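What's in structure_16.cif: mmCIF, C-alpha atoms
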data_upload
loop_
_atom_site.label_atom_id
_atom_site.label_comp_id
_atom_site.auth_asym_id
_atom_site.auth_seq_id
_atom_site.Cartn_x
_atom_site.Cartn_y
_atom_site.Cartn_z
CA MET A 1 -25.85 18.43 6.41
CA THR A 2 -22.19 19.25 5.89
CA ILE A 3 -19.13 18.85 8.10
CA LEU A 4 -16.32 21.35 7.35
CA ASP A 5 -17.85 21.91 3.90
CA VAL A 6 -18.08 18.19 3.09
CA PRO A 7 -21.62 16.77 2.64
CA ALA A 8 -22.31 14.10 5.26
CA SER A 9 -23.62 11.71 2.59
CA GLU A 10 -20.28 11.94 0.77
CA ILE A 11 -18.37 11.22 3.99
CA VAL A 12 -20.53 8.14 4.58
CA ALA A 13 -20.07 6.87 1.01
CA LEU A 14 -16.30 7.38 1.06
CA THR A 15 -16.02 5.77 4.50
CA LEU A 16 -17.87 2.68 3.27
CA ASP A 17 -15.54 2.47 0.25
CA HIS A 18 -12.59 2.79 2.62
CA VAL A 19 -13.90 0.03 4.89
CA TYR A 20 -14.25 -2.25 1.88
CA LEU A 21 -10.79 -1.46 0.43
CA ALA A 22 -8.98 -1.83 3.77
CA GLY A 23 -11.15 -4.56 5.33
CA LEU A 24 -11.60 -7.13 2.56
CA PRO A 25 -7.80 -7.52 2.05
CA LEU A 26 -7.42 -8.16 5.78
CA VAL A 27 -9.74 -11.16 5.55
CA ILE A 28 -8.25 -12.52 2.31
CA GLY A 29 -4.69 -11.83 3.52
CA LEU A 30 -5.30 -13.66 6.79
CA LEU A 31 -6.81 -16.66 4.97
CA LEU A 32 -3.73 -16.84 2.71
CA ALA A 33 -1.17 -16.14 5.44
CA ILE A 34 -2.36 -19.05 7.60
CA PRO A 35 -1.38 -21.81 5.13
CA LEU A 36 1.80 -19.89 4.17
CA GLY A 37 2.90 -19.45 7.80
CA TRP A 38 2.00 -23.04 8.59
CA MET A 39 4.00 -24.38 5.65
CA ALA A 40 6.98 -22.15 6.51
CA LEU A 41 6.98 -23.66 9.98
CA ARG A 42 6.49 -27.31 9.01
CA ARG A 43 9.20 -27.37 6.36
CA ALA A 44 12.25 -25.78 7.93
CA TRP A 45 13.92 -25.10 4.56
CA LEU A 46 10.88 -23.08 3.46
CA TYR A 47 10.97 -20.74 6.47
CA ALA A 48 13.77 -18.38 5.36
CA PRO A 49 12.66 -17.97 1.70
CA VAL A 50 8.95 -17.56 2.55
CA ILE A 51 9.60 -14.99 5.30
CA ALA A 52 12.19 -13.14 3.19
CA SER A 53 10.02 -12.92 0.07
CA THR A 54 6.93 -11.79 1.96
CA GLY A 55 9.17 -9.23 3.71
CA LEU A 56 10.34 -7.91 0.32
CA LEU A 57 6.72 -7.27 -0.68
CA TYR A 58 6.38 -4.86 2.22
CA THR A 59 9.42 -2.92 1.00
CA ILE A 60 7.63 -1.76 -2.18
CA PRO A 61 6.13 1.74 -1.77
CA SER A 62 2.33 1.69 -1.99
CA LEU A 63 1.97 4.21 -4.82
CA ALA A 64 4.43 2.17 -6.93
CA LEU A 65 2.41 -0.98 -6.27
CA PHE A 66 -0.90 0.71 -7.16
CA ILE A 67 0.63 1.75 -10.49
CA LEU A 68 2.44 -1.51 -11.31
CA LEU A 69 -0.47 -3.85 -10.55
CA PRO A 70 -2.68 -2.78 -13.49
CA GLY A 71 0.19 -3.78 -15.80
CA VAL A 72 0.47 -7.18 -14.12
CA LEU A 73 -3.26 -7.87 -13.69
CA GLY A 74 -4.42 -6.28 -16.95
CA THR A 75 -6.86 -4.02 -15.06
CA GLN A 76 -7.58 -0.31 -15.58
CA ILE A 77 -5.59 2.04 -13.34
CA LEU A 78 -8.83 3.31 -11.73
CA ASP A 79 -10.00 -0.21 -10.90
CA PRO A 80 -10.43 -0.63 -7.10
CA LEU A 81 -9.32 -4.26 -7.61
CA ASN A 82 -5.71 -3.00 -7.83
CA VAL A 83 -6.01 -1.55 -4.34
CA VAL A 84 -7.60 -4.74 -2.98
CA VAL A 85 -4.77 -6.85 -4.43
CA ALA A 86 -2.06 -4.44 -3.22
CA MET A 87 -3.46 -4.33 0.31
CA THR A 88 -3.83 -8.13 0.32
CA LEU A 89 -0.13 -8.43 -0.59
CA TYR A 90 0.83 -6.07 2.27
CA THR A 91 -1.38 -8.01 4.68
CA ILE A 92 0.23 -11.31 3.65
CA ALA A 93 3.65 -9.69 4.03
CA LEU A 94 2.90 -8.70 7.61
CA LEU A 95 0.93 -11.76 8.69
CA THR A 96 2.90 -14.72 7.32
CA ARG A 97 5.64 -14.20 9.85
CA THR A 98 3.11 -13.53 12.61
CA VAL A 99 1.23 -16.76 11.86
CA ALA A 100 4.49 -18.74 11.88
CA ASP A 101 5.54 -17.11 15.17
CA GLY A 102 2.08 -17.67 16.67
CA LEU A 103 1.98 -21.35 15.71
CA SER A 104 5.52 -21.91 16.98
CA SER A 105 4.55 -20.37 20.34
CA VAL A 106 2.25 -23.35 21.01
CA PRO A 107 3.95 -25.50 23.68
CA GLU A 108 5.38 -28.77 22.39
CA ALA A 109 3.65 -30.67 25.22
CA THR A 110 0.26 -29.40 24.04
CA ARG A 111 1.00 -30.48 20.48
CA GLN A 112 2.07 -33.93 21.62
CA ALA A 113 -1.00 -34.28 23.85
CA ALA A 114 -3.23 -33.53 20.86
CA THR A 115 -1.41 -36.10 18.73
CA ALA A 116 -1.66 -38.69 21.53
CA MET A 117 -5.42 -38.09 21.69
CA GLY A 118 -5.58 -39.10 18.04
CA PHE A 119 -5.86 -35.67 16.38
CA SER A 120 -4.82 -35.65 12.74
CA THR A 121 -2.35 -32.94 11.65
CA VAL A 122 -5.09 -30.82 10.08
CA ARG A 123 -7.51 -31.21 12.98
CA ARG A 124 -4.71 -30.41 15.41
CA LEU A 125 -3.98 -27.22 13.45
CA PHE A 126 -7.58 -25.99 13.49
CA GLN A 127 -8.68 -27.15 16.94
CA VAL A 128 -5.49 -26.77 18.99
CA GLU A 129 -2.69 -24.78 17.37
CA LEU A 130 -4.60 -21.96 15.67
CA PRO A 131 -6.87 -21.24 18.69
CA LEU A 132 -3.80 -21.04 20.94
CA ALA A 133 -2.06 -18.77 18.42
CA VAL A 134 -5.01 -16.34 18.32
CA PRO A 135 -3.44 -13.71 20.66
CA VAL A 136 -0.24 -13.50 18.58
CA ILE A 137 -2.09 -13.52 15.23
CA ALA A 138 -4.57 -10.91 16.49
CA ALA A 139 -1.69 -8.63 17.50
CA GLY A 140 -0.26 -8.87 13.97
CA LEU A 141 -3.71 -8.39 12.45
CA ARG A 142 -4.19 -5.17 14.46
CA VAL A 143 -0.92 -3.77 13.05
CA ALA A 144 -1.97 -4.79 9.53
CA ALA A 145 -5.47 -3.29 9.94
CA VAL A 146 -4.22 0.06 11.17
CA SER A 147 -1.55 0.36 8.48
CA ASN A 148 -3.98 -0.79 5.75
CA VAL A 149 -6.40 2.00 6.64
CA SER A 150 -3.71 4.65 6.24
CA ILE A 151 -2.10 3.14 3.10
CA VAL A 152 -5.45 2.87 1.28
CA SER A 153 -5.74 6.68 1.41
CA VAL A 154 -2.71 6.94 -0.92
CA ALA A 155 -4.85 5.38 -3.68
CA ALA A 156 -6.51 8.80 -4.02
CA LEU A 157 -3.49 9.74 -6.16
CA VAL A 158 -4.56 7.21 -8.78
CA GLY A 159 -8.18 8.34 -8.43
CA VAL A 160 -9.71 5.44 -6.48
CA GLN A 161 -12.69 6.54 -4.37
CA GLN A 162 -12.20 6.38 -0.57
CA LEU A 163 -11.51 8.85 2.25
CA GLY A 164 -8.18 9.85 0.66
CA ILE A 165 -10.15 11.57 -2.12
CA LEU A 166 -10.96 14.25 0.49
CA PHE A 167 -7.20 14.93 0.72
CA THR A 168 -6.73 15.54 -3.00
CA ASP A 169 -10.05 17.46 -3.24
CA GLY A 170 -9.14 19.71 -0.35
CA PHE A 171 -5.62 20.29 -1.64
CA ASN A 172 -6.82 21.17 -5.14
CA ARG A 173 -9.34 23.66 -3.73
CA ASN A 174 -6.84 25.05 -1.20
CA ALA A 175 -9.25 24.05 1.60
CA ILE A 176 -7.99 22.42 4.78
CA GLY A 177 -11.47 21.41 6.00
CA PRO A 178 -11.97 18.31 3.79
CA ILE A 179 -8.40 17.14 4.51
CA VAL A 180 -9.05 17.30 8.24
CA VAL A 181 -12.32 15.37 7.75
CA GLY A 182 -10.37 12.71 5.80
CA VAL A 183 -7.61 12.41 8.41
CA VAL A 184 -10.12 12.16 11.27
CA GLY A 185 -12.12 9.61 9.26
CA CYS A 186 -8.99 7.47 8.74
CA LEU A 187 -8.04 7.65 12.41
CA PHE A 188 -11.60 6.73 13.38
CA LEU A 189 -11.61 3.72 11.03
CA ALA A 190 -8.22 2.58 12.34
CA LEU A 191 -9.54 2.67 15.91
CA LEU A 192 -12.73 0.89 14.84
CA PHE A 193 -10.85 -1.93 13.07
CA ASP A 194 -8.54 -2.23 16.06
CA ALA A 195 -11.48 -2.50 18.48
CA ILE A 196 -13.27 -5.09 16.31
CA ILE A 197 -10.19 -7.33 16.06
CA LEU A 198 -9.58 -6.99 19.79
CA GLY A 199 -13.22 -7.94 20.46
CA ILE A 200 -13.13 -10.99 18.17
CA ALA A 201 -9.83 -12.13 19.70
CA ARG A 202 -11.37 -11.91 23.18
CA LEU A 203 -14.39 -13.94 22.07
CA LEU A 204 -12.11 -16.61 20.59
CA THR A 205 -9.95 -16.93 23.72
CA PRO A 206 -12.35 -17.31 26.68
CA TRP A 207 -9.62 -19.03 28.73
CA GLN A 208 -7.59 -15.81 28.80
CA ARG A 209 -10.45 -13.93 30.41
CA ALA A 210 -10.85 -16.71 33.00
CA VAL A 211 -7.22 -16.25 33.99
CA ALA A 212 -7.52 -12.47 34.08
CA SER A 213 -10.55 -12.36 36.39
CA MET B 214 2.78 -3.23 -20.90
CA ILE B 215 6.34 -4.56 -20.77
CA GLY B 216 7.33 -3.30 -24.22
CA PRO B 217 6.69 0.44 -23.65
CA VAL B 218 8.24 0.26 -20.17
CA VAL B 219 11.42 -1.36 -21.48
CA GLU B 220 11.47 1.24 -24.26
CA TRP B 221 11.11 4.08 -21.73
CA LEU B 222 13.78 2.67 -19.43
CA THR B 223 16.29 2.06 -22.22
CA ASP B 224 15.88 5.49 -23.79
CA PRO B 225 19.05 7.41 -22.84
CA ALA B 226 17.12 10.69 -23.06
CA ASN B 227 15.15 9.65 -19.97
CA TRP B 228 18.31 9.09 -17.92
CA GLU B 229 20.27 12.27 -18.57
CA GLY B 230 19.83 15.89 -17.54
CA ASP B 231 18.12 17.69 -14.67
CA ARG B 232 14.89 15.71 -14.98
CA GLY B 233 16.61 12.42 -15.83
CA VAL B 234 16.48 9.21 -13.81
CA ILE B 235 19.97 9.66 -12.39
CA SER B 236 19.43 13.12 -10.96
CA GLN B 237 15.92 12.23 -9.71
CA THR B 238 17.30 9.14 -7.98
CA LEU B 239 19.97 11.25 -6.31
CA ALA B 240 17.37 13.84 -5.28
CA HIS B 241 15.17 11.08 -3.83
CA LEU B 242 18.11 9.68 -1.87
CA GLU B 243 19.14 13.15 -0.70
CA TYR B 244 15.70 14.02 0.75
CA SER B 245 15.41 10.57 2.28
CA PHE B 246 18.80 10.58 4.00
CA ILE B 247 18.39 14.15 5.28
CA ALA B 248 15.03 13.21 6.80
CA LEU B 249 16.42 9.97 8.28
CA LEU B 250 19.43 11.75 9.74
CA LEU B 251 17.33 14.51 11.32
CA ALA B 252 14.87 11.97 12.73
CA ALA B 253 17.72 9.82 14.09
CA LEU B 254 19.30 12.85 15.77
CA VAL B 255 16.11 13.28 17.77
CA ALA B 256 14.90 9.69 18.16
CA VAL B 257 18.13 7.83 18.98
CA PRO B 258 19.16 9.88 22.07
CA LEU B 259 15.53 9.95 23.24
CA GLY B 260 15.13 6.18 22.76
CA LEU B 261 18.43 5.47 24.55
CA TYR B 262 17.38 7.69 27.44
CA ILE B 263 13.93 6.10 27.76
CA GLY B 264 15.29 2.57 27.34
CA HIS B 265 18.09 3.13 29.86
CA THR B 266 16.06 4.89 32.54
CA GLY B 267 12.62 3.42 31.86
CA ARG B 268 11.12 6.93 32.13
CA GLY B 269 8.47 7.95 29.60
CA ARG B 270 7.80 4.43 28.35
CA VAL B 271 4.13 5.21 27.68
CA VAL B 272 5.12 7.90 25.15
CA VAL B 273 7.07 5.43 23.03
CA VAL B 274 4.46 2.69 23.08
CA SER B 275 1.60 5.00 22.13
CA ALA B 276 3.66 6.88 19.52
CA ALA B 277 4.69 3.63 17.85
CA GLY B 278 1.11 2.36 17.78
CA GLY B 279 -0.43 5.64 16.69
CA PHE B 280 1.96 6.52 13.89
CA ARG B 281 0.78 3.72 11.62
CA ALA B 282 -2.73 5.13 11.72
CA ILE B 283 -1.67 8.56 10.44
CA PRO B 284 -2.46 8.93 6.72
CA SER B 285 0.79 10.46 5.43
CA LEU B 286 -0.85 11.96 2.33
CA GLY B 287 -3.33 13.95 4.43
CA VAL B 288 -0.63 15.19 6.81
CA LEU B 289 1.53 16.20 3.85
CA PHE B 290 -1.27 18.26 2.27
CA ILE B 291 -2.07 19.95 5.59
CA ALA B 292 1.61 20.83 6.11
CA VAL B 293 1.88 22.31 2.60
CA LEU B 294 -1.35 24.34 2.87
CA LEU B 295 -0.33 25.70 6.28
CA LEU B 296 3.24 26.61 5.31
CA LEU B 297 2.71 27.64 1.68
CA PRO B 298 1.81 31.27 2.42
CA ARG B 299 4.89 31.66 4.62
CA LEU B 300 7.48 30.28 2.20
CA SER B 301 8.52 31.05 -1.33
CA GLY B 302 10.26 29.35 -4.27
CA GLU B 303 11.40 25.75 -3.94
CA ALA B 304 11.27 25.94 -0.14
CA ALA B 305 7.47 26.22 -0.38
CA PHE B 306 7.13 22.48 -1.02
CA GLU B 307 10.56 21.23 0.12
CA VAL B 308 10.28 22.42 3.71
CA PRO B 309 6.80 21.02 4.46
CA SER B 310 7.70 17.73 2.73
CA LEU B 311 10.90 17.34 4.73
CA ILE B 312 9.06 18.16 7.96
CA VAL B 313 6.49 15.44 7.26
CA LEU B 314 9.20 12.88 6.31
CA PHE B 315 11.09 13.77 9.50
CA ILE B 316 8.03 13.43 11.74
CA LEU B 317 6.91 10.11 10.20
CA ALA B 318 10.41 8.64 10.68
CA ILE B 319 10.65 9.38 14.41
CA PRO B 320 8.26 6.76 15.87
CA PRO B 321 9.80 3.67 14.19
CA ILE B 322 13.35 4.70 15.16
CA LEU B 323 12.28 5.61 18.68
CA SER B 324 10.52 2.33 19.26
CA GLY B 325 13.41 0.33 17.74
CA VAL B 326 16.01 2.01 19.97
CA TYR B 327 13.82 1.85 23.05
CA SER B 328 12.84 -1.80 22.71
CA GLY B 329 16.43 -2.68 21.73
CA VAL B 330 17.85 -1.24 24.93
CA GLN B 331 14.97 -2.48 27.01
CA GLN B 332 15.30 -6.13 25.90
CA VAL B 333 19.00 -6.37 26.76
CA ASP B 334 19.62 -9.40 28.96
CA PRO B 335 19.47 -8.11 32.58
CA SER B 336 22.34 -10.41 33.54
CA ALA B 337 24.57 -8.71 30.93
CA ARG B 338 23.64 -5.35 32.44
CA ASP B 339 24.30 -6.63 35.98
CA ALA B 340 27.63 -8.13 34.94
CA ALA B 341 28.67 -4.76 33.48
CA LYS B 342 27.70 -2.99 36.70
CA GLY B 343 29.49 -5.66 38.74
CA MET B 344 32.66 -5.02 36.74
CA GLY B 345 32.48 -1.43 37.93
CA MET B 346 31.14 0.22 34.76
CA THR B 347 29.44 3.58 35.20
CA GLY B 348 25.89 4.15 33.96
CA ARG B 349 27.26 5.84 30.83
CA GLN B 350 29.64 2.92 30.13
CA VAL B 351 26.84 0.39 30.61
CA LEU B 352 24.70 2.32 28.11
CA PHE B 353 27.33 2.82 25.39
CA GLU B 354 29.47 -0.30 25.78
CA VAL B 355 26.84 -2.92 26.66
CA GLU B 356 23.26 -1.81 26.06
CA MET B 357 23.78 -0.02 22.75
CA PRO B 358 25.78 -2.78 21.03
CA CYS B 359 23.26 -5.35 22.24
CA ALA B 360 20.40 -3.18 21.00
CA LEU B 361 21.85 -2.75 17.49
CA PRO B 362 19.72 -5.39 15.72
CA LEU B 363 16.49 -3.70 16.84
CA ILE B 364 17.93 -0.20 16.29
CA PHE B 365 18.64 -1.25 12.71
CA SER B 366 15.19 -2.69 12.17
CA GLY B 367 13.71 0.60 13.41
CA MET B 368 15.96 2.58 11.05
CA ARG B 369 15.07 0.32 8.12
CA SER B 370 11.33 0.62 8.59
CA ALA B 371 11.72 4.39 9.04
CA MET B 372 13.70 4.57 5.79
CA LEU B 373 11.08 2.57 3.86
CA GLN B 374 8.39 4.86 5.22
CA ILE B 375 10.45 7.90 4.15
CA ILE B 376 11.11 6.59 0.62
CA ALA B 377 7.41 5.79 0.13
CA THR B 378 6.26 9.15 1.46
CA ALA B 379 8.90 11.06 -0.55
CA THR B 380 7.41 9.35 -3.63
CA ILE B 381 3.95 10.60 -2.73
CA ALA B 382 5.34 14.09 -2.06
CA ALA B 383 5.83 14.53 -5.82
CA ILE B 384 2.14 15.52 -5.83
CA VAL B 385 3.03 18.72 -3.95
CA GLY B 386 5.98 19.38 -6.28
CA LEU B 387 8.90 17.64 -4.57
CA GLY B 388 11.58 16.24 -6.91
CA GLY B 389 12.69 12.61 -6.92
CA LEU B 390 11.48 9.46 -8.63
CA GLY B 391 7.90 10.22 -7.60
CA ARG B 392 7.88 12.84 -10.37
CA TYR B 393 7.53 10.12 -13.03
CA LEU B 394 4.55 8.55 -11.25
CA ILE B 395 2.74 11.87 -10.87
CA ASP B 396 3.79 13.53 -14.15
CA GLY B 397 3.14 10.34 -16.09
CA GLN B 398 -0.36 10.22 -14.69
CA ALA B 399 -0.99 13.87 -15.58
CA THR B 400 -0.05 13.17 -19.22
CA GLN B 401 -1.70 9.71 -19.32
CA ASP B 402 1.69 8.16 -20.04
CA TYR B 403 1.50 4.71 -18.46
CA ALA B 404 5.01 3.74 -19.62
CA GLU B 405 6.49 6.66 -17.69
CA MET B 406 4.36 5.94 -14.59
CA ALA B 407 5.20 2.24 -14.56
CA SER B 408 8.90 2.87 -15.19
CA GLY B 409 8.96 5.34 -12.30
CA ALA B 410 7.10 2.88 -10.06
CA LEU B 411 9.57 0.14 -10.96
CA LEU B 412 12.52 2.44 -10.22
CA VAL B 413 11.07 3.49 -6.85
CA ALA B 414 10.48 -0.14 -5.88
CA LEU B 415 14.05 -1.01 -6.89
CA LEU B 416 15.42 1.98 -4.96
CA ALA B 417 13.56 0.89 -1.82
CA LEU B 418 14.79 -2.69 -2.19
CA ALA B 419 18.37 -1.54 -2.83
CA VAL B 420 18.48 0.86 0.12
CA ASP B 421 17.03 -1.79 2.44
CA PHE B 422 19.57 -4.30 1.11
CA VAL B 423 22.47 -1.90 1.81
CA PHE B 424 21.16 -1.27 5.33
CA GLY B 425 21.04 -5.05 5.78
CA LEU B 426 24.69 -5.35 4.70
CA VAL B 427 25.79 -2.56 7.04
CA GLN B 428 23.82 -4.21 9.83
CA ARG B 429 25.66 -7.48 9.21
CA LEU B 430 29.01 -5.67 9.41
CA VAL B 431 28.23 -3.61 12.49
CA VAL B 432 26.28 -6.02 14.68
CA SER B 433 28.35 -8.29 16.89
CA PRO B 434 28.44 -11.86 15.49
CA GLY B 435 27.28 -13.09 18.91
CA LEU B 436 23.93 -11.36 18.30
CA ALA B 437 23.57 -12.30 14.66
CA THR B 438 20.86 -14.92 15.29
CA ASN B 439 18.52 -12.10 16.39
CA GLY B 440 18.75 -10.20 13.14
#
Translate this file's structure into structure tokens.
Amino acid sequence: MTILDVPASEIVALTLDHVYLAGLPLVIGLLLAIPLGWMALRRAWLYAPVIASTGLLYTIPSLALFILLPGVLGTQILDPLNVVVAMTLYTIALLTRTVADGLSSVPEATRQAATAMGFSTVRRLFQVELPLAVPVIAAGLRVAAVSNVSIVSVAALVGVQQLGILFTDGFNRNAIGPIVVGVVGCLFLALLFDAIILGIARLLTPWQRAVAS
Amino acid sequence: MIGPVVEWLTDPANWEGDRGVISQTLAHLEYSFIALLLAALVAVPLGLYIGHTGRGRVVVVSAAGGFRAIPSLGVLFIAVLLLLPRLSGEAAFEVPSLIVLFILAIPPILSGVYSGVQQVDPSARDAAKGMGMTGRQVLFEVEMPCALPLIFSGMRSAMLQIIATATIAAIVGLGGLGRYLIDGQATQDYAEMASGALLVALLALAVDFVFGLVQRLVVSPGLATNG
């Protein structure tokens, strides 16, 4: 079976590669952004430098990052690891500020109540502050997910397999069909990631649904 | 990798002439500023109108959300393939590239201007009306100055998007620093690619830094804590 001259099996394989390259960095980036955002908030003097330096990361154009990373990491230019690292950096850049904002949106009274009930700092973070920050963090994660999906496609220019390869293939063969398949595939993945994050955020915040209904 | 890159960057032959770093940097800046200016001409008035009147809010919110999902490389290739038969010479890749840069820059500016105007303290707006200002005066003398921090952040993210996409557009033949990334890859010259990548990253950082300085000069000190 083919869709606009692209074999369905190829579309599936490239989509799976794309999910991996855009999705894995989201998870790693979130796991790294939580301690970074938390530290930035707890030590006031760290806030400005941490937020500014993560912001600078986001300034670097993606193609430049894909090309510079092999030199820094000692990898081959075709190595998908470069893309995973680059996307993780972008995710951290977007999420560190979001995590700090989310944690600081927790009401002081709630924090004090947790401390008064004998919660340690770490337990308070995981059982009180982070759960309450889920809506803010999820909003940032949705932005990161959607932009990751579109940025990953640029890696086609350095030859890394994912949906963006359909762009370069189509362009080289003067065929618009594969490019359209790639664009639609990217938009579909962005919507899918968005829906998954929204769903997980809803599951993690049952109290919000109780208020809504 | 550092040795060859330093060697490439310190070779005067790579800096001079039509294909040298200086003229490619200027070309990159030229395309980027033209695209930003064109996008601002459309997006700023539209954002001010929507923010001031509240009409068409849905358009801004969905455009801002949707634009991040658009893979710029795919859109660029489609634009070139569609327009190529209708154009000739340099215009064949310059026009489609500029169109794509222009389109991608609109949503961030639009949403910056709109949310800037929209988040203006209602009591400031009421006070302006109470002092007898007309709708136009409220917009240009109160809402717009108060919205500047967010207008700037919209402009800055649009500019970063433009610089990154103009880099990619070297693949369809556009000039600028992207040439080194693409041409270096074609000839397996990692020193050239990495040097180009470094220069593009520095250009993006420098442009964003200059925008930050201008922002500091232009935005009222009373609002500085926001930016």
Excluding same-chain residues fewer than 3 positions from Ala13 in chain A, what lies within 12 Å of it counting only C-alpha atoms, as a PDB file with C-alpha atoms, in the frame of the given file?
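Wrote part04.pdb, looks like this:
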ATOM      1  CA  VAL A   6     -18.080  18.190   3.090  1.00  0.00           C
ATOM      2  CA  PRO A   7     -21.620  16.770   2.640  1.00  0.00           C
ATOM      3  CA  ALA A   8     -22.310  14.100   5.260  1.00  0.00           C
ATOM      4  CA  SER A   9     -23.620  11.710   2.590  1.00  0.00           C
ATOM      5  CA  GLU A  10     -20.280  11.940   0.770  1.00  0.00           C
ATOM      6  CA  LEU A  16     -17.870   2.680   3.270  1.00  0.00           C
ATOM      7  CA  ASP A  17     -15.540   2.470   0.250  1.00  0.00           C
ATOM      8  CA  HIS A  18     -12.590   2.790   2.620  1.00  0.00           C
ATOM      9  CA  VAL A  19     -13.900   0.030   4.890  1.00  0.00           C
ATOM     10  CA  TYR A  20     -14.250  -2.250   1.880  1.00  0.00           C
ATOM     11  CA  GLN A 161     -12.690   6.540  -4.370  1.00  0.00           C
ATOM     12  CA  GLN A 162     -12.200   6.380  -0.570  1.00  0.00           C
ATOM     13  CA  LEU A 163     -11.510   8.850   2.250  1.00  0.00           C
ATOM     14  CA  ILE A 165     -10.150  11.570  -2.120  1.00  0.00           C
ATOM     15  CA  LEU A 166     -10.960  14.250   0.490  1.00  0.00           C
ATOM     16  CA  GLY A 185     -12.120   9.610   9.260  1.00  0.00           C
TER      17      GLY A 185
END
Do you have the CA of Gln332 in chain B-CA of Ala360 in chain B distance handy?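 So the answer is 7.7 Å.
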note - CA of Gly391 in chain B and CA of Ala410 in chain B are separated by 7.8 Å
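Atom to atom, CA of Val330 in chain B and CA of Gly264 in chain B stand 5.2 Å apart.
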Selection in question (the file shown): the PyMOL selection byres ((chain B) within 6 of (chain A)). Which residues does it include, as an MDAnalysis selection string? chainID B and resid 214 281:282 284 287 377 407 410 414
Would you mind exporting the chosen residues as a PDB file, in the coordinates of the input, restricted to C-alpha atoms?
ATOM      1  CA  MET B 214       2.780  -3.230 -20.900  1.00  0.00           C
ATOM      2  CA  ARG B 281       0.780   3.720  11.620  1.00  0.00           C
ATOM      3  CA  ALA B 282      -2.730   5.130  11.720  1.00  0.00           C
ATOM      4  CA  PRO B 284      -2.460   8.930   6.720  1.00  0.00           C
ATOM      5  CA  GLY B 287      -3.330  13.950   4.430  1.00  0.00           C
ATOM      6  CA  ALA B 377       7.410   5.790   0.130  1.00  0.00           C
ATOM      7  CA  ALA B 407       5.200   2.240 -14.560  1.00  0.00           C
ATOM      8  CA  ALA B 410       7.100   2.880 -10.060  1.00  0.00           C
ATOM      9  CA  ALA B 414      10.480  -0.140  -5.880  1.00  0.00           C
TER      10      ALA B 414
END
With the PyMOL selection byres ((chain B and resi 285) around 8) as the selection, what would be picked from this file? Answer as a PDB file with C-alpha atoms, in the coordinates of the input, please.
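That gives us selection_22.pdb:
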ATOM      1  CA  SER A 150      -3.710   4.650   6.240  1.00  0.00           C
TER       2      SER A 150
ATOM      3  CA  ILE B 283      -1.670   8.560  10.440  1.00  0.00           C
ATOM      4  CA  PRO B 284      -2.460   8.930   6.720  1.00  0.00           C
ATOM      5  CA  LEU B 286      -0.850  11.960   2.330  1.00  0.00           C
ATOM      6  CA  GLY B 287      -3.330  13.950   4.430  1.00  0.00           C
ATOM      7  CA  VAL B 288      -0.630  15.190   6.810  1.00  0.00           C
ATOM      8  CA  LEU B 289       1.530  16.200   3.850  1.00  0.00           C
ATOM      9  CA  VAL B 313       6.490  15.440   7.260  1.00  0.00           C
ATOM     10  CA  LEU B 317       6.910  10.110  10.200  1.00  0.00           C
ATOM     11  CA  THR B 378       6.260   9.150   1.460  1.00  0.00           C
TER      12      THR B 378
END
Which one of A:Pro35, A:Pro206, A:Gly140, A:Gly118 sits closest to Gly278 in chain B if you count all atoms listed in the file? A:Gly140
Can you list what the PyMOL selection byres ((chain B and resi 252) around 12) grabs from this structure, as a PyMOL selection string? chain B and resi 245-251+253-260+311-323+367-368+371-372+375
Have range 88-96 of chain A completed to N, CA and C atoms, please, and pass it along as a short mmCIF file (atom, residue, chain, number, x, y, z; two decimals), keeping the file's coordinate frame.
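Contents of result-v7.cif, freshly written:
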data_model
loop_
_atom_site.label_atom_id
_atom_site.label_comp_id
_atom_site.auth_asym_id
_atom_site.auth_seq_id
_atom_site.Cartn_x
_atom_site.Cartn_y
_atom_site.Cartn_z
N THR A 88 -3.93 -6.71 -0.05
CA THR A 88 -3.83 -8.13 0.32
C THR A 88 -2.36 -8.55 0.38
N LEU A 89 -1.56 -8.09 -0.59
CA LEU A 89 -0.13 -8.43 -0.59
C LEU A 89 0.54 -7.90 0.68
N TYR A 90 0.23 -6.63 1.04
CA TYR A 90 0.83 -6.07 2.27
C TYR A 90 0.40 -6.86 3.50
N THR A 91 -0.89 -7.26 3.52
CA THR A 91 -1.38 -8.01 4.68
C THR A 91 -0.65 -9.35 4.78
N ILE A 92 -0.50 -10.03 3.64
CA ILE A 92 0.23 -11.31 3.65
C ILE A 92 1.66 -11.08 4.14
N ALA A 93 2.27 -9.97 3.66
CA ALA A 93 3.65 -9.69 4.03
C ALA A 93 3.80 -9.55 5.54
N LEU A 94 2.81 -8.89 6.16
CA LEU A 94 2.90 -8.70 7.61
C LEU A 94 2.52 -9.95 8.38
N LEU A 95 1.53 -10.69 7.87
CA LEU A 95 0.93 -11.76 8.69
C LEU A 95 1.62 -13.11 8.57
N THR A 96 2.30 -13.39 7.46
CA THR A 96 2.90 -14.72 7.32
C THR A 96 3.85 -15.01 8.47
#
